[in-house]
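Below is one structure, written out as structure tokens; the observations come after it.
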2 protein chains.
Amino acid sequence: MKQIVIVLLAGLLMLSCEQPKEKTETKKKAEFAIVIHGGAGYMRRAGMSKEREIEYRKKLAEVLKVGYKILEDGGSSLDAVEKVINTMEDSPMFNSGKGAVFTGEGKNELDASIMNGENLEAGAVAGVTIVKNPVSLARLVMEKSPHVLLARDGAEKFAEMQNVELVEPEYFYTEDAWNALQRAKESELKKTDEDQSALHDFYDSKFGTVGCVALDKNGNLAAGTSTGGMTNKKWGRIGDSPIIGAGTYANNKTCGVSSTGHGEFFIRYAAAYDISALMEYKNMTVSEAADFVVNVKLKNAGGNGGVIAMDKYGNVAMPFNTTGMFRGYVKNGEEPVVKVFADE
Amino acid sequence: MKQIVIVLLAGLLMLSCEQPKEKTETKKKAEFAIVIHGGAGYMRRAGMSKEREIEYRKKLAEVLKVGYKILEDGGSSLDAVEKVINTMEDSPMFNSGKGAVFTGEGKNELDASIMNGENLEAGAVAGVTIVKNPVSLARLVMEKSPHVLLARDGAEKFAEMQNVELVEPEYFYTEDAWNALQRAKESELKKTDEDQSALHDFYDSKFGTVGCVALDKNGNLAAGTSTGGMTNKKWGRIGDSPIIGAGTYANNKTCGVSSTGHGEFFIRYAAAYDISALMEYKNMTVSEAADFVVNVKLKNAGGNGGVIAMDKYGNVAMPFNTTGMFRGYVKNGEEPVVKVFADE
């Protein structure tokens with residue numbers, strides 16, 4: 001009897017001393033994979049026509065195909081992220097590039113960033129007004145300058161030197177974005193000073209920030225984000241999208257992340273890097289980490305939005321604490337998945 | 001005999017299952033404390049006159065006194081951080097405010113940020129050219145706007161609305177900073193394209209970013225950072241100083257941090273937040289966490305610089321991977337400590 005107890009206790013001792021194992025949803029590595037978002041927000045089925053919904057789903061599927069093709073052909077995750085985001089920037093349907101929202105002054109000031117998970121190199125631009133594809137300029141900042149983040153007219157001078165495609169500021173005019181600014185201004189007039197909180201600004205905004213994370217055949221992760229920021233934003237406001245660690249992060253050791261939502265909270269909570277830190281330091285899976293940041297930390301703080309994240313095995317997480325997020329993913333050899341609302 | 005083995009095994013089992021305890025250098029809480037830096041860099045005894053060294057030590061001690069007085073009188077850590085940094089901004093001896101370095105275009109573009117560890121609120125400004133005390137404007141962004149980060153002319157419009165002290169751009173001229181730009185430009189002309197690396201820019205810069213972390217009698221931590229950036233910086237470059245999570249971070253649960261050094265690396269490594277994450281997720285002390293980020297992660301990546309950090313008990317860490325860092329701290333009832341080189 002005593003011998004049995006000894007054996008049992010010894011066994012328990014061994015088990016209890018065992019180091020926690022690295023968890024992932026699956027370690028069966030996807031050869032390549034891509035996940036995208038077109039912004040989180042308070043979309044409701046009642047507030048969106050069936051036609052509009054179908055249009056978004058079609059566009060998201062089309063965008064996924066662009067990335068799939070690049071990765072299937074052996075292209076890099078950086079190329080996939082850049083080209084996928086370019087496709088969304090060129091569409092008036094999202095708050096980035098062509099469809100960017102208007103500032104309080106009636107301008108379009110665009111932010112974007114990109115990060116390479118292989119070497120933690122990164123580039124970003126903030127407040128550019130004449131660059132057709134801000135994420136491509138962000139990539140040039142990463143590859144052709146010693147800096148990470150360039151802003152406004154300075155970033156545009158760099159853009160001219162790099163021969164990126166420039167457009168007239170009028171290129172970014174869309175009726176939807178202009179009308180959203182008028183509504184925001186009207187509602188601002190009705191508010192007292194006390195009401196002029198960040199929350200109100202957020203509810204008025206278009207939520208259409210775009211982002212992409214990709215895993216290529218070489219096992220490299222990359223992530224990128226592009227946005228017009230908040231409708232009616234003021235005073236050269238920079239949100240989280242061009243902030244490495246807040247709006248975008250990628251590290252082959254852990255995951256790639258792109259954020260969408262109320263940027264001020266994502267900056268203060270270093271949201272994108274925090275997901276990586278929870279995986280690296282707390283041994284969480286990408287789903288556990290992304291869910292904890294979005295649905296516990298940010299939600300408790302009142303920070304609305306969501307993220308897309310992918311680990312080095314191609315496992316995907318797409319949590320959001322709003323009512324919906326334009327999103328989708330596709331893995332090597334699998335059918336693409338596209339969703340808008342919480343359930344589908 | 002078997003009973004002894006059972007007891008021993010049971011004891012071992014209990015010990016082995018025990019959760020790791022929270023470690024800190026001391027839990028004997030300082031009533032209040034303050035730590036400052038005036039920049040990390042490649043200062044050498046041979047390269048600095050004894051007079052100049054004494055001048056710096058005197059200034060750092062004077063700055064500490066400003067913060068000590070505020071905290072002793074029951075002032076908030078935010079007030080202490082702001083006023084301490086104001087004192088350094090007003091001195092031509094540091095690369096912030098009055099002593100800011102010049103951009104490649106011969107301008108002074110200033111960055112600053114501040115964070116409140118009690119509620120994780122934060123404010124920051126980037127690329128302002130006419131604001132005498134950028135860290136005070138950063139505090140107003142935190143307290144009087146719904147945003148975290150405002151840039152360039154937009155931030156200056158906000159500054160005008162808030163009635164902060166504005167100066168002519170010429171206010172920021174100092175002979176030292178101007179000469180540093182001329183040297184940087186000469187050395188740039190001698191370099192091939194290949195040489196125009198971030199590393200060279202860093203070695204040419206003045207390393208005088210300033211920062212402060214304070215703990216007040218209410219147990220609240222705050223942190224702030226202010227800088228002129230890199231000598232000869234280009235294209236509206238924004239460094240880590242105005243980036244929450246990179247240049248500045250504060251959280252009552254963990255620590256306050258202010259960074260100084262090659263900002264691009266501090267952004268890519270989310271350096272300030274990472275110290276907090278290592279404490280929260282890996283149970284490191286503030287010294288272990290700060291040392292790991294500065295002397296392992298950043299050093300291995302080639303990211304030169306240092307940080308000051310303080311935990312909720314007033315324990316101080318001041319690691320750097322350069323040859324020196326202007327730094328000092330003082331705790332309630334203790335003698336102030338001021339250091340410049342590695343050993344003293």
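A note on labels: chains of the structure tokens are A, B, ... as shown, every chain counts residues from 1, and ligands are counted from 1 in their shown order.
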Open item on the list: Applying 9 Å and only C-alpha atoms, which residues near Ser287 (chain B) remain after dropping the ones on its own chain fewer than 5 positions away? List them as a VMD selection string.
Closed with: chain B and resid 24 to 25 292 309 to 310 315 to 319
Let me see the file: selected residues, C-alpha atoms, as a PDB file, in the first residue's frame.
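The file below, selection_24.pdb, is the result:
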ATOM      1  CA  THR B  24      10.758  42.786  -6.671  1.00  0.00           C
ATOM      2  CA  GLU B  25      14.019  44.216  -5.491  1.00  0.00           C
ATOM      3  CA  PHE B 292      16.584  42.003 -20.772  1.00  0.00           C
ATOM      4  CA  ALA B 309      12.130  52.376 -15.412  1.00  0.00           C
ATOM      5  CA  MET B 310      10.488  52.350 -12.010  1.00  0.00           C
ATOM      6  CA  ASN B 315      12.536  50.301  -7.419  1.00  0.00           C
ATOM      7  CA  VAL B 316      14.611  51.915 -10.153  1.00  0.00           C
ATOM      8  CA  ALA B 317      16.371  50.471 -13.218  1.00  0.00           C
ATOM      9  CA  MET B 318      18.575  52.539 -15.565  1.00  0.00           C
ATOM     10  CA  PRO B 319      20.175  50.087 -18.054  1.00  0.00           C
TER      11      PRO B 319
END
Task: Straight-line distance linking CA of Phe102 (chain A) with CA of Glu156 (chain A), stated in Å to one decimal - done: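 Computing the Euclidean distance for CA of Phe102 (chain A) and CA of Glu156 (chain A) yields 18.5 Å.
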Open item on the list: So that I can see what lies close to Val210 (chain A), please list as a list of chain:residue names the residues with an atom at most 8 Å from it, counting only C-alpha atoms and leaving out residues fewer than 5 positions away in the same chain.
Closed with: A:Ile36, A:His37, A:Gly38, A:Gly39, A:Ile85, A:Met88, A:Glu89, A:Phe94, A:Asn95, A:Ser96, A:Thr225, A:Ser226, A:Thr227, A:Thr260
TODO: Determine, counting only C-alpha atoms, which protein, DNA and RNA residues have an atom within 6 Å of an atom of Val84 (chain B); residues of the same chain fewer than 3 positions away are not included. Present the result as a list in words.
DONE: Val63, Gly67, Ala80, Val81 and Thr87 of chain B
For C-alpha atoms, I'd like the residues from the last selection saved as a compact mmCIF listing (two decimals), in the first residue's frame.
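Written file, out.txt:
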# COMPACT_ATOMS: atom_id res chain seq x y z
CA VAL B 63 16.22 68.66 -12.09
CA GLY B 67 10.51 66.66 -9.02
CA ALA B 80 6.30 65.88 -11.38
CA VAL B 81 7.00 64.29 -14.77
CA THR B 87 13.12 72.06 -16.73
